[in-house]
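The structure file work.csv is reproduced below (CSV, C-alpha atoms).
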chain,number,residue,atom,x,y,z
A,1,MET,CA,-68.9,-100.6,203.1
A,2,VAL,CA,-66.3,-98.2,201.6
A,3,THR,CA,-65.7,-98.5,197.9
A,4,VAL,CA,-62.0,-98.9,197.0
A,5,PRO,CA,-60.1,-100.0,193.9
A,6,GLN,CA,-60.0,-103.8,194.0
A,7,HIS,CA,-56.7,-105.6,193.8
A,8,ASP,CA,-55.4,-109.0,194.9
A,9,ASN,CA,-52.2,-108.1,196.6
A,10,ILE,CA,-53.2,-109.4,200.1
A,11,PHE,CA,-50.0,-107.9,201.7
A,12,LEU,CA,-51.1,-104.4,200.8
A,13,PHE,CA,-54.7,-104.6,202.1
A,14,VAL,CA,-55.5,-101.8,204.5
A,15,PRO,CA,-56.0,-103.9,207.6
A,16,ASN,CA,-52.7,-105.7,206.9
A,17,LEU,CA,-50.9,-102.4,206.6
A,18,ILE,CA,-52.3,-101.5,210.0
A,19,GLY,CA,-51.1,-104.9,211.2
A,20,TYR,CA,-47.5,-104.0,210.1
A,21,ALA,CA,-47.8,-100.7,212.0
A,22,ARG,CA,-48.8,-102.6,215.1
A,23,ILE,CA,-45.7,-104.8,214.8
A,24,VAL,CA,-43.4,-101.8,214.4
A,25,LEU,CA,-45.0,-100.2,217.5
A,26,ALA,CA,-44.6,-103.4,219.4
A,27,LEU,CA,-40.9,-103.7,218.5
A,28,ILE,CA,-40.3,-100.1,219.6
A,29,ALA,CA,-42.1,-100.9,222.9
A,30,PHE,CA,-39.9,-104.0,223.4
A,31,TRP,CA,-36.7,-102.0,222.8
A,32,CYS,CA,-37.7,-99.3,225.3
A,33,MET,CA,-39.5,-101.4,227.9
A,34,SER,CA,-36.6,-101.7,230.4
A,35,THR,CA,-35.5,-98.0,230.1
A,36,ASN,CA,-38.3,-95.7,228.9
A,37,TYR,CA,-41.7,-96.5,230.2
A,38,VAL,CA,-43.3,-93.4,228.5
A,39,VAL,CA,-42.3,-94.4,225.0
A,40,ALA,CA,-42.8,-98.1,225.6
A,41,GLY,CA,-46.2,-97.6,227.3
A,42,TRP,CA,-47.6,-95.4,224.6
A,43,CYS,CA,-46.3,-97.6,221.7
A,44,TYR,CA,-47.6,-100.8,223.3
A,45,ALA,CA,-51.0,-99.2,224.1
A,46,ILE,CA,-51.4,-97.8,220.6
A,47,SER,CA,-50.4,-101.1,219.1
A,48,ALA,CA,-53.0,-102.8,221.2
A,49,LEU,CA,-55.7,-100.3,220.4
A,50,LEU,CA,-55.1,-100.7,216.7
A,51,ASP,CA,-56.2,-104.3,217.1
A,52,ALA,CA,-59.8,-102.9,217.0
A,53,VAL,CA,-59.1,-100.6,214.1
A,54,ASP,CA,-57.8,-103.3,211.7
A,55,GLY,CA,-61.0,-105.3,212.2
A,56,HIS,CA,-63.1,-102.3,211.3
A,57,ALA,CA,-60.9,-101.6,208.3
A,58,ALA,CA,-61.2,-105.2,207.1
A,59,ARG,CA,-65.0,-105.0,207.2
A,60,ALA,CA,-65.2,-101.5,205.8
A,61,PHE,CA,-63.0,-102.3,202.8
A,62,ASN,CA,-64.2,-105.9,202.4
A,63,GLN,CA,-60.6,-107.0,203.0
A,64,SER,CA,-61.0,-109.8,205.5
A,65,THR,CA,-58.4,-112.5,204.8
A,66,ARG,CA,-56.9,-115.6,206.6
A,67,PHE,CA,-53.5,-114.0,206.4
A,68,GLY,CA,-54.8,-110.9,208.1
A,69,ALA,CA,-56.5,-113.0,210.8
A,70,MET,CA,-53.3,-114.9,211.4
A,71,LEU,CA,-51.2,-111.7,211.5
A,72,ASP,CA,-53.6,-110.2,214.0
A,73,GLN,CA,-53.5,-113.3,216.3
A,74,LEU,CA,-49.7,-113.5,216.2
A,75,THR,CA,-49.3,-109.8,216.9
A,76,ASP,CA,-51.6,-110.0,219.9
A,77,ARG,CA,-49.9,-113.1,221.3
A,78,CYS,CA,-46.3,-111.9,220.8
A,79,GLY,CA,-47.1,-108.4,222.0
A,80,THR,CA,-48.6,-109.7,225.3
A,81,MET,CA,-45.7,-112.2,225.7
A,82,GLY,CA,-43.1,-109.4,225.3
A,83,LEU,CA,-44.8,-107.4,228.0
A,84,MET,CA,-45.1,-110.4,230.3
A,85,VAL,CA,-41.4,-111.3,229.9
A,86,THR,CA,-40.6,-107.7,231.1
A,87,LEU,CA,-43.1,-108.1,234.0
A,88,SER,CA,-41.4,-111.3,235.0
A,89,LEU,CA,-38.1,-109.4,235.4
A,90,PHE,CA,-39.8,-106.5,237.2
A,91,TYR,CA,-41.7,-108.8,239.6
A,92,PRO,CA,-39.7,-112.0,239.9
A,93,GLU,CA,-41.7,-113.2,242.9
A,94,TYR,CA,-44.7,-113.5,240.5
A,95,MET,CA,-42.8,-115.0,237.6
A,96,PHE,CA,-44.6,-118.3,237.7
A,97,TRP,CA,-48.0,-116.6,237.3
A,98,PHE,CA,-46.7,-114.6,234.3
A,99,GLN,CA,-45.3,-117.8,232.8
A,100,LEU,CA,-48.6,-119.6,233.3
A,101,SER,CA,-50.5,-116.7,231.8
A,102,MET,CA,-48.3,-116.8,228.7
A,103,ALA,CA,-48.6,-120.5,228.3
A,104,ILE,CA,-52.4,-120.4,228.6
A,105,ASP,CA,-52.7,-117.5,226.2
A,106,VAL,CA,-50.6,-118.9,223.5
A,107,ALA,CA,-51.5,-122.6,223.7
A,108,CYS,CA,-55.3,-122.1,224.1
A,109,HIS,CA,-55.7,-119.5,221.4
A,110,TRP,CA,-53.4,-121.5,219.0
A,111,LEU,CA,-55.4,-124.7,219.5
A,112,TYR,CA,-58.8,-122.9,219.1
A,113,MET,CA,-57.7,-121.0,215.9
A,114,GLN,CA,-56.2,-124.1,214.3
A,115,THR,CA,-59.2,-126.2,215.1
A,116,SER,CA,-61.5,-123.5,213.6
A,117,VAL,CA,-59.6,-124.0,210.4
A,118,VAL,CA,-59.9,-127.8,210.5
A,119,VAL,CA,-63.6,-127.8,211.1
A,120,GLY,CA,-64.2,-125.2,208.4
A,121,LYS,CA,-65.2,-122.1,210.2
A,122,THR,CA,-64.8,-118.9,208.3
A,123,SER,CA,-63.3,-117.2,211.4
A,124,HIS,CA,-62.1,-118.3,214.8
A,125,LYS,CA,-64.6,-115.8,216.1
A,126,ALA,CA,-67.5,-117.4,214.3
A,127,THR,CA,-69.9,-119.2,216.6
A,128,ASP,CA,-73.3,-120.9,216.2
A,129,LEU,CA,-76.2,-121.9,218.4
A,130,SER,CA,-74.6,-125.2,219.2
A,131,GLU,CA,-71.4,-123.6,220.5
A,132,ASN,CA,-70.6,-123.4,224.2
A,133,ILE,CA,-72.7,-120.6,225.7
A,134,VAL,CA,-69.6,-119.0,227.3
A,135,MET,CA,-68.0,-118.7,223.8
A,136,ARG,CA,-71.1,-117.3,222.3
A,137,ILE,CA,-71.2,-114.6,224.9
A,138,TYR,CA,-67.5,-113.9,224.8
A,139,TYR,CA,-67.4,-113.4,221.1
A,140,LYS,CA,-70.1,-110.8,221.1
A,141,LYS,CA,-68.4,-107.7,219.7
A,142,ASP,CA,-68.8,-105.5,222.8
A,143,VAL,CA,-67.9,-108.2,225.3
A,144,LEU,CA,-64.8,-109.2,223.4
A,145,THR,CA,-63.6,-105.6,223.1
A,146,PHE,CA,-64.2,-105.0,226.8
A,147,MET,CA,-62.4,-108.1,227.9
A,148,CYS,CA,-59.4,-107.4,225.7
A,149,CYS,CA,-59.2,-103.8,226.9
A,150,VAL,CA,-59.3,-104.6,230.6
A,151,ASN,CA,-56.8,-107.4,230.2
A,152,GLU,CA,-54.3,-105.0,228.5
A,153,ALA,CA,-55.1,-102.4,231.1
A,154,PHE,CA,-54.1,-104.8,233.9
A,155,TYR,CA,-50.7,-105.7,232.5
A,156,ILE,CA,-49.9,-102.1,231.4
A,157,SER,CA,-50.8,-100.8,234.8
A,158,LEU,CA,-48.4,-103.3,236.4
A,159,TYR,CA,-45.7,-102.3,234.0
A,160,VAL,CA,-46.1,-98.6,234.7
A,161,LEU,CA,-46.3,-99.1,238.4
A,162,HIS,CA,-42.7,-100.4,238.3
A,163,PHE,CA,-41.6,-96.9,237.4
A,164,THR,CA,-44.1,-94.6,238.9
A,165,THR,CA,-47.2,-94.6,241.1
A,166,GLY,CA,-48.8,-91.9,239.0
A,167,PRO,CA,-51.5,-89.5,240.3
A,168,MET,CA,-53.2,-90.3,243.6
A,169,ILE,CA,-56.9,-90.7,243.7
A,170,PHE,CA,-58.6,-91.1,247.1
A,171,GLY,CA,-55.2,-91.9,248.6
A,172,MET,CA,-54.4,-94.7,246.1
A,173,SER,CA,-52.2,-94.7,243.1
A,174,LEU,CA,-54.2,-94.4,239.9
A,175,PHE,CA,-52.3,-97.3,238.3
A,176,LYS,CA,-52.6,-99.5,241.3
A,177,MET,CA,-56.3,-98.8,241.4
A,178,VAL,CA,-56.6,-99.8,237.7
A,179,ALA,CA,-54.6,-103.0,238.4
A,180,VAL,CA,-56.8,-103.9,241.4
A,181,LEU,CA,-60.0,-103.3,239.4
A,182,THR,CA,-59.0,-105.1,236.2
A,183,GLY,CA,-57.0,-108.0,237.9
A,184,PRO,CA,-60.1,-110.2,238.5
A,185,LEU,CA,-61.2,-109.7,234.9
A,186,ALA,CA,-57.8,-110.6,233.6
A,187,VAL,CA,-58.0,-113.8,235.6
A,188,LEU,CA,-61.5,-114.4,234.1
A,189,LYS,CA,-60.1,-113.9,230.6
A,190,ALA,CA,-57.4,-116.5,231.3
A,191,LEU,CA,-60.1,-119.0,232.4
A,192,ILE,CA,-62.1,-118.2,229.2
A,193,SER,CA,-58.9,-119.0,227.3
A,194,CYS,CA,-58.9,-122.4,229.0
A,195,MET,CA,-62.5,-122.7,227.8
A,196,HIS,CA,-61.1,-122.1,224.3
A,197,ALA,CA,-58.9,-125.1,224.7
A,198,TYR,CA,-61.7,-127.3,226.0
A,199,VAL,CA,-64.1,-126.4,223.1
A,200,ALA,CA,-61.3,-126.8,220.6
A,201,SER,CA,-60.4,-130.2,222.0
A,202,ILE,CA,-63.9,-131.5,221.8
A,203,ASP,CA,-64.3,-130.2,218.2
A,204,LEU,CA,-60.9,-131.7,217.2
A,205,ALA,CA,-61.7,-135.0,218.8
A,206,GLY,CA,-65.0,-135.0,216.9
A,207,VAL,CA,-63.1,-134.6,213.6
A,208,ASP,CA,-60.8,-137.4,214.5
A,209,LYS,CA,-63.7,-139.7,215.4
A,210,ARG,CA,-65.5,-138.9,212.1
A,211,GLU,CA,-62.4,-139.5,210.1
A,212,ARG,CA,-61.7,-142.8,211.8
A,213,LEU,CA,-65.3,-143.9,211.2
A,214,GLU,CA,-65.0,-142.9,207.5
A,215,LYS,CA,-61.8,-144.8,207.2
A,216,ARG,CA,-63.3,-147.9,208.7
A,217,ALA,CA,-66.3,-147.6,206.4
A,218,LYS,CA,-64.0,-147.4,203.3
A,219,GLU,CA,-62.0,-150.4,204.5
A,220,ALA,CA,-65.2,-152.4,205.1
A,221,SER,CA,-66.5,-151.4,201.7
A,222,LYS,CA,-63.2,-152.6,200.0
A,223,ARG,CA,-63.4,-156.0,201.8
A,224,SER,CA,-67.0,-156.6,200.7
A,225,GLU,CA,-66.1,-156.0,197.0

So, in terms of structure tokens, how does the structure I just supplied come out?
Amino acid sequence: MVTVPQHDNIFLFVPNLIGYARIVLALIAFWCMSTNYVVAGWCYAISALLDAVDGHAARAFNQSTRFGAMLDQLTDRCGTMGLMVTLSLFYPEYMFWFQLSMAIDVACHWLYMQTSVVVGKTSHKATDLSENIVMRIYYKKDVLTFMCCVNEAFYISLYVLHFTTGPMIFGMSLFKMVAVLTGPLAVLKALISCMHAYVASIDLAGVDKRERLEKRAKEASKRSE
């Protein structure tokens, strides 16, 4: 762990500063997405890659915060949504699938993260031995990083393909090859997002059931007095 002067201004923590940079890069990417794929592609890709950097910074500087986690989640979700809106315009025949992907991504992650707060987890990435086995595997550091990278690679390759085929490898466009190879993994990630919703729903229903039982026990106790 790196030793740095301690202060309590959460907004100026190193990982949160990286988060702000991610937002700026995403906004530049949004502005240029329909006209300049080089600037937009690089800004979007760097913003996505910094997602891994801010996590390392949070651990290195002992600056993990709930605000930082929320900032990170919102930047991820909004960044991906911005790209998918553009892809819906570029590939209107596949608009439904992009809409479905956006809905799954936002709804499932939001439900999972909010439920993590309700049940008292220190992080939405925190899992225990009783957790669903798919979630335990998914949130292993290397697995999570790999799945996020291939998911971004799939959508970025579709975006760039609208403008250029790129270099040819074995008679196939490089970007098309990336899209074909990463596409199944992007679908798998969407299915795992649905698993997020399933696990969160079970946990949240458990909280509701416990609270209802506690309420009944209190009411029964009052009546017996």

Long-range neighbours of A:Ala58 as a list in words, 12 Å cut-off, only C-alpha atoms, 6 positions minimum in chain
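Residues near the query, excluding close chain neighbours: Met1, Val2, Val4, Ile10, Leu12, Phe13, Val14, Pro15, Asn16, Leu17, Ile18, Gly19, Asp51, Ala52, Ser64, Thr65, Arg66, Phe67, Gly68, Ala69 and Asp72 of chain A.
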
Contacts of A:Thr80 within 10 Å, only C-alpha atoms, excl. fewer than 2 positions in-chain, as an mmCIF file with C-alpha atoms, in the coordinates of the input:
data_model
loop_
_atom_site.group_PDB
_atom_site.id
_atom_site.type_symbol
_atom_site.label_atom_id
_atom_site.label_comp_id
_atom_site.auth_asym_id
_atom_site.auth_seq_id
_atom_site.Cartn_x
_atom_site.Cartn_y
_atom_site.Cartn_z
ATOM 1 C CA ALA A 26 -44.600 -103.400 219.400
ATOM 2 C CA TYR A 44 -47.600 -100.800 223.300
ATOM 3 C CA ALA A 48 -53.000 -102.800 221.200
ATOM 4 C CA LEU A 74 -49.700 -113.500 216.200
ATOM 5 C CA THR A 75 -49.300 -109.800 216.900
ATOM 6 C CA ASP A 76 -51.600 -110.000 219.900
ATOM 7 C CA ARG A 77 -49.900 -113.100 221.300
ATOM 8 C CA CYS A 78 -46.300 -111.900 220.800
ATOM 9 C CA GLY A 82 -43.100 -109.400 225.300
ATOM 10 C CA LEU A 83 -44.800 -107.400 228.000
ATOM 11 C CA MET A 84 -45.100 -110.400 230.300
ATOM 12 C CA VAL A 85 -41.400 -111.300 229.900
ATOM 13 C CA SER A 101 -50.500 -116.700 231.800
ATOM 14 C CA MET A 102 -48.300 -116.800 228.700
ATOM 15 C CA ASP A 105 -52.700 -117.500 226.200
ATOM 16 C CA VAL A 106 -50.600 -118.900 223.500
ATOM 17 C CA ASN A 151 -56.800 -107.400 230.200
ATOM 18 C CA GLU A 152 -54.300 -105.000 228.500
ATOM 19 C CA TYR A 155 -50.700 -105.700 232.500
ATOM 20 C CA ILE A 156 -49.900 -102.100 231.400
#

Of the candidates A:Ala29, A:Met135, A:Met195, A:Leu87, which one gets nearest to A:Phe154 if we count only C-alpha atoms?
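Counting only C-alpha atoms, the residue closest to A:Phe154 is A:Leu87.
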
Would you kindly return, as a count of residues only, each protein, DNA or RNA residue with an atom no farther than 12 Å from any atom of A:Leu144, considering all atoms listed in the file and excluding same-chain residues fewer than 3 positions away?
18

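Shell of A:Leu158 at 8 Å, with all atoms listed in the file counted and residues fewer than 5 places along the chain excluded, is A:Leu87, A:Phe175, A:Lys176, A:Ala179.
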
Check the smallest atom-to-atom distance from each of A:Thr86, A:Ser47, A:Ser224, A:Ser193 to A:Arg22 using all atoms listed in the file, then report the winner.
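Residue with the minimum atom-to-atom distance to A:Arg22: A:Ser47.
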